[in-house]
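The structure file start.cif is reproduced below (mmCIF, C-alpha atoms and all ligand atoms).
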```
data_data
#
loop_
_atom_site.group_PDB
_atom_site.id
_atom_site.type_symbol
_atom_site.label_atom_id
_atom_site.label_comp_id
_atom_site.auth_asym_id
_atom_site.auth_seq_id
_atom_site.Cartn_x
_atom_site.Cartn_y
_atom_site.Cartn_z
ATOM 1 C CA MET A 1 59.491 -25.228 -203.094
ATOM 2 C CA SER A 2 59.141 -24.447 -199.426
ATOM 3 C CA TYR A 3 56.225 -22.683 -197.909
ATOM 4 C CA ARG A 4 55.220 -21.592 -194.477
ATOM 5 C CA VAL A 5 51.919 -22.023 -192.691
ATOM 6 C CA PRO A 6 50.477 -18.721 -191.511
ATOM 7 C CA PRO A 7 49.246 -18.506 -187.887
ATOM 8 C CA ALA A 8 45.458 -18.541 -187.434
ATOM 9 C CA GLU A 9 45.243 -14.830 -186.558
ATOM 10 C CA VAL A 10 47.188 -13.799 -189.656
ATOM 11 C CA LEU A 11 44.982 -16.010 -191.789
ATOM 12 C CA ALA A 12 41.809 -14.560 -190.239
ATOM 13 C CA VAL A 13 42.959 -11.016 -191.005
ATOM 14 C CA ALA A 14 43.723 -11.935 -194.626
ATOM 15 C CA ILE A 15 40.296 -13.586 -194.939
ATOM 16 C CA ALA A 16 38.505 -10.555 -193.460
ATOM 17 C CA ASP A 17 40.393 -8.284 -195.878
ATOM 18 C CA VAL A 18 39.450 -10.342 -198.917
ATOM 19 C CA LEU A 19 35.787 -10.423 -197.900
ATOM 20 C CA ARG A 20 35.710 -6.693 -197.299
ATOM 21 C CA GLU A 21 37.060 -6.117 -200.811
ATOM 22 C CA HIS A 22 34.952 -8.652 -202.661
ATOM 23 C CA GLY A 23 31.740 -8.975 -200.634
ATOM 24 C CA ALA A 24 30.728 -12.316 -202.094
ATOM 25 C CA ILE A 25 32.940 -14.905 -203.763
ATOM 26 C CA SER A 26 31.320 -17.779 -205.603
ATOM 27 C CA SER A 27 34.190 -20.229 -205.705
ATOM 28 C CA GLN A 28 36.315 -21.810 -203.021
ATOM 29 C CA ARG A 29 39.309 -21.867 -205.363
ATOM 30 C CA LEU A 30 39.011 -18.153 -206.050
ATOM 31 C CA PHE A 31 38.515 -17.365 -202.367
ATOM 32 C CA ALA A 32 41.694 -19.282 -201.444
ATOM 33 C CA HIS A 33 43.527 -17.594 -204.324
ATOM 34 C CA PHE A 34 42.661 -14.097 -203.048
ATOM 35 C CA VAL A 35 43.594 -15.067 -199.488
ATOM 36 C CA ARG A 36 46.972 -16.411 -200.666
ATOM 37 C CA GLU A 37 47.640 -13.140 -202.458
ATOM 38 C CA LYS A 38 47.001 -11.258 -199.209
ATOM 39 C CA LEU A 39 49.188 -13.614 -197.210
ATOM 40 C CA GLN A 40 52.023 -13.252 -199.680
ATOM 41 C CA CYS A 41 52.039 -9.494 -199.134
ATOM 42 C CA ILE A 42 52.956 -10.289 -195.542
ATOM 43 C CA ASP A 43 55.359 -13.135 -196.280
ATOM 44 C CA LYS A 44 55.970 -14.430 -199.787
ATOM 45 C CA ASP A 45 56.435 -17.976 -198.483
ATOM 46 C CA TYR A 46 53.017 -18.167 -196.847
ATOM 47 C CA SER A 47 50.547 -20.574 -198.319
ATOM 48 C CA VAL A 48 47.313 -22.179 -197.287
ATOM 49 C CA THR A 49 44.972 -24.878 -198.561
ATOM 50 C CA GLU A 50 41.424 -24.204 -199.779
ATOM 51 C CA GLU A 51 40.165 -26.404 -196.936
ATOM 52 C CA ARG A 52 41.906 -24.378 -194.267
ATOM 53 C CA VAL A 53 40.688 -21.075 -195.690
ATOM 54 C CA ARG A 54 37.102 -22.364 -195.673
ATOM 55 C CA ARG A 55 37.220 -23.824 -192.166
ATOM 56 C CA THR A 56 38.988 -20.857 -190.634
ATOM 57 C CA ALA A 57 36.537 -18.444 -192.263
ATOM 58 C CA ILE A 58 33.522 -20.383 -190.964
ATOM 59 C CA GLN A 59 34.896 -21.106 -187.515
ATOM 60 C CA SER A 60 35.897 -17.499 -186.922
ATOM 61 C CA GLY A 61 32.429 -16.279 -187.946
ATOM 62 C CA LEU A 62 33.789 -14.192 -190.819
ATOM 63 C CA VAL A 63 31.594 -15.691 -193.512
ATOM 64 C CA THR A 64 28.210 -17.066 -194.202
ATOM 65 C CA VAL A 65 28.533 -19.873 -196.644
ATOM 66 C CA GLU A 66 26.116 -21.317 -199.187
ATOM 67 C CA VAL A 67 26.780 -24.869 -200.198
ATOM 68 C CA GLU A 68 25.516 -26.655 -203.274
ATOM 69 C CA THR A 69 25.711 -30.394 -202.892
ATOM 70 C CA ARG A 70 25.326 -33.504 -204.928
ATOM 71 C CA ASP A 71 23.499 -36.521 -203.482
ATOM 72 C CA THR A 72 25.560 -39.689 -203.621
ATOM 73 C CA GLY A 73 22.615 -41.903 -202.630
ATOM 74 C CA ILE A 74 24.792 -43.651 -200.042
ATOM 75 C CA LYS A 75 23.099 -44.089 -196.649
ATOM 76 C CA VAL A 76 25.006 -42.529 -193.767
ATOM 77 C CA LYS A 77 24.695 -42.164 -190.014
ATOM 78 C CA GLY A 78 25.882 -38.734 -188.984
ATOM 79 C CA GLY A 79 29.598 -38.175 -188.990
ATOM 80 C CA ARG A 80 31.371 -34.828 -189.316
ATOM 81 C CA CYS A 81 30.215 -31.873 -191.352
ATOM 82 C CA PRO A 82 31.925 -31.910 -194.780
ATOM 83 C CA VAL A 83 31.947 -28.112 -194.808
ATOM 84 C CA CYS A 84 33.442 -27.162 -191.441
ATOM 85 C CA ASP A 85 34.228 -30.484 -189.752
ATOM 86 C CA SER A 86 31.927 -29.842 -186.776
ATOM 87 C CA ARG A 87 29.572 -32.404 -185.287
ATOM 88 C CA MET A 88 26.298 -33.152 -187.067
ATOM 89 C CA ARG A 89 23.063 -33.326 -185.080
ATOM 90 C CA LYS A 90 20.192 -35.641 -185.949
ATOM 91 C CA VAL A 91 16.993 -34.079 -187.211
ATOM 92 C CA ARG A 92 14.084 -36.247 -186.030
ATOM 93 C CA ASN A 93 10.409 -36.358 -186.670
ATOM 94 C CA SER A 94 7.987 -38.008 -184.235
ATOM 95 C CA THR A 95 5.853 -40.792 -185.586
ATOM 96 C CA LEU A 96 2.226 -41.513 -184.677
ATOM 97 C CA TYR A 97 3.359 -44.464 -182.611
ATOM 98 C CA GLY A 98 5.482 -42.491 -180.152
ATOM 99 C CA GLY A 99 8.758 -43.249 -181.841
ATOM 100 C CA SER A 100 10.820 -41.065 -184.093
ATOM 101 C CA VAL A 101 12.449 -41.297 -187.457
ATOM 102 C CA ILE A 102 15.650 -39.640 -188.501
ATOM 103 C CA LEU A 103 14.984 -37.197 -191.304
ATOM 104 C CA GLY A 104 18.549 -36.163 -191.719
ATOM 105 C CA TYR A 105 21.436 -34.313 -190.143
ATOM 106 C CA ARG A 106 22.229 -30.705 -189.467
ATOM 107 C CA CYS A 107 25.601 -29.191 -188.650
ATOM 108 C CA THR A 108 25.972 -27.721 -185.156
ATOM 109 C CA SER A 109 27.988 -24.724 -186.299
ATOM 110 C CA CYS A 110 27.222 -23.878 -189.933
ATOM 111 C CA PRO A 111 24.021 -23.984 -192.038
ATOM 112 C CA TYR A 112 24.937 -27.294 -193.691
ATOM 113 C CA LYS A 113 22.236 -29.955 -193.562
ATOM 114 C CA MET A 114 21.480 -33.156 -195.365
ATOM 115 C CA GLY A 115 19.050 -36.070 -195.475
ATOM 116 C CA THR A 116 19.930 -39.645 -194.627
ATOM 117 C CA THR A 117 22.128 -40.075 -197.666
ATOM 118 C CA LYS A 118 25.611 -38.708 -198.040
ATOM 119 C CA ARG A 119 25.899 -35.461 -199.966
ATOM 120 C CA VAL A 120 29.135 -34.006 -201.181
ATOM 121 C CA PRO A 121 29.713 -30.267 -201.565
ATOM 122 C CA VAL A 122 30.228 -29.246 -205.194
ATOM 123 C CA LYS A 123 30.127 -25.477 -204.972
ATOM 124 C CA TYR A 124 30.608 -22.905 -202.252
ATOM 125 C CA THR A 125 29.611 -19.261 -202.169
ATOM 126 C CA PHE A 126 31.116 -17.115 -199.434
ATOM 127 C CA HIS A 127 29.537 -13.934 -198.166
ATOM 128 C CA ASP A 128 31.035 -11.359 -195.880
ATOM 129 C CA ALA A 129 29.387 -11.886 -192.470
ATOM 130 C CA LEU A 130 30.721 -8.807 -190.767
ATOM 131 C CA PRO A 131 28.421 -5.815 -190.487
ATOM 132 C CA ARG A 132 29.555 -2.870 -192.510
ATOM 133 C CA VAL A 133 29.895 0.614 -191.224
ATOM 134 C CA ARG A 134 28.394 3.168 -193.533
ATOM 135 C CA CYS A 135 28.744 6.847 -192.895
ATOM 136 C CA ARG A 136 25.675 8.659 -194.116
ATOM 137 C CA THR A 137 26.535 12.070 -192.835
ATOM 138 C CA GLU A 138 29.828 13.733 -193.273
ATOM 139 C CA ARG A 139 31.289 14.535 -189.972
ATOM 140 C CA LYS A 140 31.960 18.185 -189.397
ATOM 141 C CA THR A 141 35.661 18.608 -189.479
ATOM 142 C CA GLU A 142 35.782 22.342 -189.148
ATOM 143 C CA GLN A 143 37.907 23.332 -186.287
ATOM 144 C CA ARG A 144 36.708 26.003 -184.027
ATOM 145 C CA THR A 145 39.193 28.778 -183.967
ATOM 146 C CA LEU A 146 39.570 30.744 -180.856
HETATM 147 ZN ZN ZN A 201 29.332 -27.381 -190.704
#
```
Represent the supplied structure as structure tokens.
Amino acid sequence: MSYRVPPAEVLAVAIADVLREHGAISSQRLFAHFVREKLQCIDKDYSVTEERVRRTAIQSGLVTVEVETRDTGIKVKGGRCPVCDSRMRKVRNSTLYGGSVILGYRCTSCPYKMGTTKRVPVKYTFHDALPRVRCRTERKTEQRTL
């Protein structure tokens, strides 16, 4: 089976559409499923991985994401964010003796943070990050007749 990789802009539009329809989606698999459905309306050979949907959605600012993680207990030193692949920044705390200790790591572009042990994401919840336009008052559509 052959499939084609959609361009980033097409993918972003499909993602925005899905979020507008669903508001919040509490599974990465489901999110990717809905996005694939949208893409296949445009081209039935389009497909995309769950990873790419998640990263594109975060990097284009279309979603806020909640991540539930499991602690592996393995000590780590920084590395890349497991959610969006951005750089992680150290979170330090000053000690009484003028030094500092590393409390953990925080992603530079999404809300992901962790302590000094490696955590792996187990569940994602995606929320629509775009402001919604709500019309409270009906616009007057009467035409003035001359
Ligand atoms: Zn991140």
- Grab the CA of Thr108 in chain A to CA of Ile25 in chain A distance for me, in Å with one decimal place.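 The value is 23.6 Å.
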- Task: Determine the residue set returned by the PyMOL selection byres (((not hetatm)) within 8 of (chain A and resi 201)) for the present structure, and present it as a list in words.
- Result: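 That selection, the PyMOL selection byres (((not hetatm)) within 8 of (chain A and resi 201)), comes back as Arg80, Cys81, Pro82, Val83, Cys84, Asp85, Ser86, Arg87, Met88, Arg106, Cys107, Thr108, Ser109, Cys110, Pro111 and Tyr112 of chain A.
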- Query: Which residue gives the smallest distance to Val76 in chain A among A:Ile102, A:Ile42, A:Leu11, A:Leu130, with all atoms listed in the file counted?
  - Reply: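 Checking each of A:Ile102, A:Ile42, A:Leu11, A:Leu130 against Val76 in chain A, counting all atoms listed in the file, the winner is A:Ile102.
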- Show which residues sit within 6 Å of range 114-120 of chain A, as a list of chain:residue names. Count only C-alpha atoms, and ignore same-chain residues fewer than 5 positions away.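 With the cut-off at 6 Å, the set is A:Thr69, A:Arg70, A:Asp71, A:Thr72, A:Gly73, A:Ile74, A:Lys75, A:Val76, A:Leu103, A:Gly104, A:Tyr105.
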- Calculate how many Å separate CA of Tyr3 in chain A from CA of Ile15 in chain A, rounding to one decimal.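 That distance, rounded to one decimal, is 18.6 Å.
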- Message: Using only C-alpha atoms, which protein or nucleic acid residues come within 10 Å of Ser2 in chain A? Drop anything in the same chain fewer than 4 positions from it, and give the result as a list in words.
- Response: Asp45, Tyr46 and Ser47 of chain A
- Message: Report, in Å with one decimal, the straight-line distance from CA of Cys41 in chain A to CA of Gly23 in chain A.
- Response: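 Rounded to one decimal, the two atoms are 20.4 Å apart.
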- Item | Residues returned when the PyMOL selection byres (((chain A and resi 7-10) around 12) and not hetatm) runs on this file, as a PyMOL selection string | chain A and resi 4-6+11-17+35-36+38-43+46-48+52-53+55-57+59-60
- Message: Need the shell around Leu30 in chain A: protein/DNA/RNA residues with any atom at most 12 Å away, counting only C-alpha atoms. Skip same-chain ones fewer than 3 positions apart. Format as a list of chain:residue names?
- Response: A:Val18, A:Leu19, A:His22, A:Ala24, A:Ile25, A:Ser26, A:Ser27, A:His33, A:Phe34, A:Val35, A:Arg36, A:Glu37, A:Thr49, A:Glu50, A:Val53, A:Arg54, A:Lys123, A:Tyr124, A:Thr125, A:Phe126
- Message: Take the PyMOL selection byres (((chain A and resi 64) around 8) and not hetatm), run it mentally on this structure, and tell me the resulting residues as an MDAnalysis selection string.
- Response: chainID A and resid 58 61:63 65:66 126:129
Regenerate range 95-127 of chain A at the level of N, CA and C atoms and dump it as a tab-separated table (two decimals), keeping the file's coordinate frame.
```
chain	number	residue	atom	x	y	z
A	95	THR	N	6.84	-40.00	-184.85
A	95	THR	CA	5.85	-40.79	-185.59
A	95	THR	C	4.58	-40.90	-184.76
A	96	LEU	N	3.52	-41.34	-185.36
A	96	LEU	CA	2.23	-41.51	-184.68
A	96	LEU	C	2.31	-42.51	-183.53
A	97	TYR	N	3.28	-43.39	-183.59
A	97	TYR	CA	3.36	-44.46	-182.61
A	97	TYR	C	4.33	-44.16	-181.47
A	98	GLY	N	4.64	-42.88	-181.28
A	98	GLY	CA	5.48	-42.49	-180.15
A	98	GLY	C	6.97	-42.68	-180.38
A	99	GLY	N	7.33	-43.12	-181.54
A	99	GLY	CA	8.76	-43.25	-181.84
A	99	GLY	C	9.23	-42.04	-182.63
A	100	SER	N	10.38	-42.15	-183.23
A	100	SER	CA	10.82	-41.06	-184.09
A	100	SER	C	11.64	-41.62	-185.24
A	101	VAL	N	11.61	-40.89	-186.32
A	101	VAL	CA	12.45	-41.30	-187.46
A	101	VAL	C	13.48	-40.20	-187.70
A	102	ILE	N	14.61	-40.62	-188.18
A	102	ILE	CA	15.65	-39.64	-188.50
A	102	ILE	C	15.41	-39.12	-189.92
A	103	LEU	N	15.21	-37.81	-189.99
A	103	LEU	CA	14.98	-37.20	-191.30
A	103	LEU	C	16.29	-36.83	-191.99
A	104	GLY	N	17.27	-36.56	-191.15
A	104	GLY	CA	18.55	-36.16	-191.72
A	104	GLY	C	19.47	-35.62	-190.65
A	105	TYR	N	20.43	-34.83	-191.06
A	105	TYR	CA	21.44	-34.31	-190.14
A	105	TYR	C	21.68	-32.85	-190.43
A	106	ARG	N	22.00	-32.13	-189.35
A	106	ARG	CA	22.23	-30.70	-189.47
A	106	ARG	C	23.52	-30.39	-188.72
A	107	CYS	N	24.34	-29.55	-189.30
A	107	CYS	CA	25.60	-29.19	-188.65
A	107	CYS	C	25.33	-28.32	-187.42
A	108	THR	N	26.16	-28.50	-186.38
A	108	THR	CA	25.97	-27.72	-185.16
A	108	THR	C	26.59	-26.33	-185.25
A	109	SER	N	27.41	-26.06	-186.27
A	109	SER	CA	27.99	-24.72	-186.30
A	109	SER	C	27.92	-23.99	-187.64
A	110	CYS	N	27.42	-24.61	-188.68
A	110	CYS	CA	27.22	-23.88	-189.93
A	110	CYS	C	25.88	-24.31	-190.51
A	111	PRO	N	25.38	-23.66	-191.58
A	111	PRO	CA	24.02	-23.98	-192.04
A	111	PRO	C	23.91	-25.31	-192.80
A	112	TYR	N	24.97	-26.06	-192.91
A	112	TYR	CA	24.94	-27.29	-193.69
A	112	TYR	C	23.95	-28.31	-193.12
A	113	LYS	N	23.12	-28.87	-193.99
A	113	LYS	CA	22.24	-29.96	-193.56
A	113	LYS	C	22.07	-30.95	-194.71
A	114	MET	N	21.67	-32.14	-194.33
A	114	MET	CA	21.48	-33.16	-195.36
A	114	MET	C	20.45	-34.17	-194.90
A	115	GLY	N	19.99	-35.01	-195.81
A	115	GLY	CA	19.05	-36.07	-195.48
A	115	GLY	C	19.80	-37.27	-194.92
A	116	THR	N	19.28	-38.44	-195.17
A	116	THR	CA	19.93	-39.65	-194.63
A	116	THR	C	20.94	-40.25	-195.60
A	117	THR	N	21.10	-39.60	-196.74
A	117	THR	CA	22.13	-40.08	-197.67
A	117	THR	C	23.25	-39.05	-197.74
A	118	LYS	N	24.42	-39.55	-198.01
A	118	LYS	CA	25.61	-38.71	-198.04
A	118	LYS	C	25.55	-37.73	-199.22
A	119	ARG	N	25.82	-36.47	-198.91
A	119	ARG	CA	25.90	-35.46	-199.97
A	119	ARG	C	27.31	-34.90	-199.97
A	120	VAL	N	27.80	-34.61	-201.13
A	120	VAL	CA	29.14	-34.01	-201.18
A	120	VAL	C	29.03	-32.59	-201.73
A	121	PRO	N	29.74	-31.65	-201.09
A	121	PRO	CA	29.71	-30.27	-201.56
A	121	PRO	C	30.32	-30.16	-202.97
A	122	VAL	N	29.66	-29.45	-203.86
A	122	VAL	CA	30.23	-29.25	-205.19
A	122	VAL	C	30.53	-27.78	-205.46
A	123	LYS	N	29.86	-26.89	-204.74
A	123	LYS	CA	30.13	-25.48	-204.97
A	123	LYS	C	29.86	-24.68	-203.70
A	124	TYR	N	30.77	-23.77	-203.41
A	124	TYR	CA	30.61	-22.90	-202.25
A	124	TYR	C	30.47	-21.46	-202.70
A	125	THR	N	29.62	-20.71	-202.00
A	125	THR	CA	29.61	-19.26	-202.17
A	125	THR	C	29.82	-18.65	-200.79
A	126	PHE	N	30.78	-17.73	-200.71
A	126	PHE	CA	31.12	-17.11	-199.43
A	126	PHE	C	30.64	-15.68	-199.42
A	127	HIS	N	29.99	-15.31	-198.33
A	127	HIS	CA	29.54	-13.93	-198.17
A	127	HIS	C	30.17	-13.34	-196.92
```
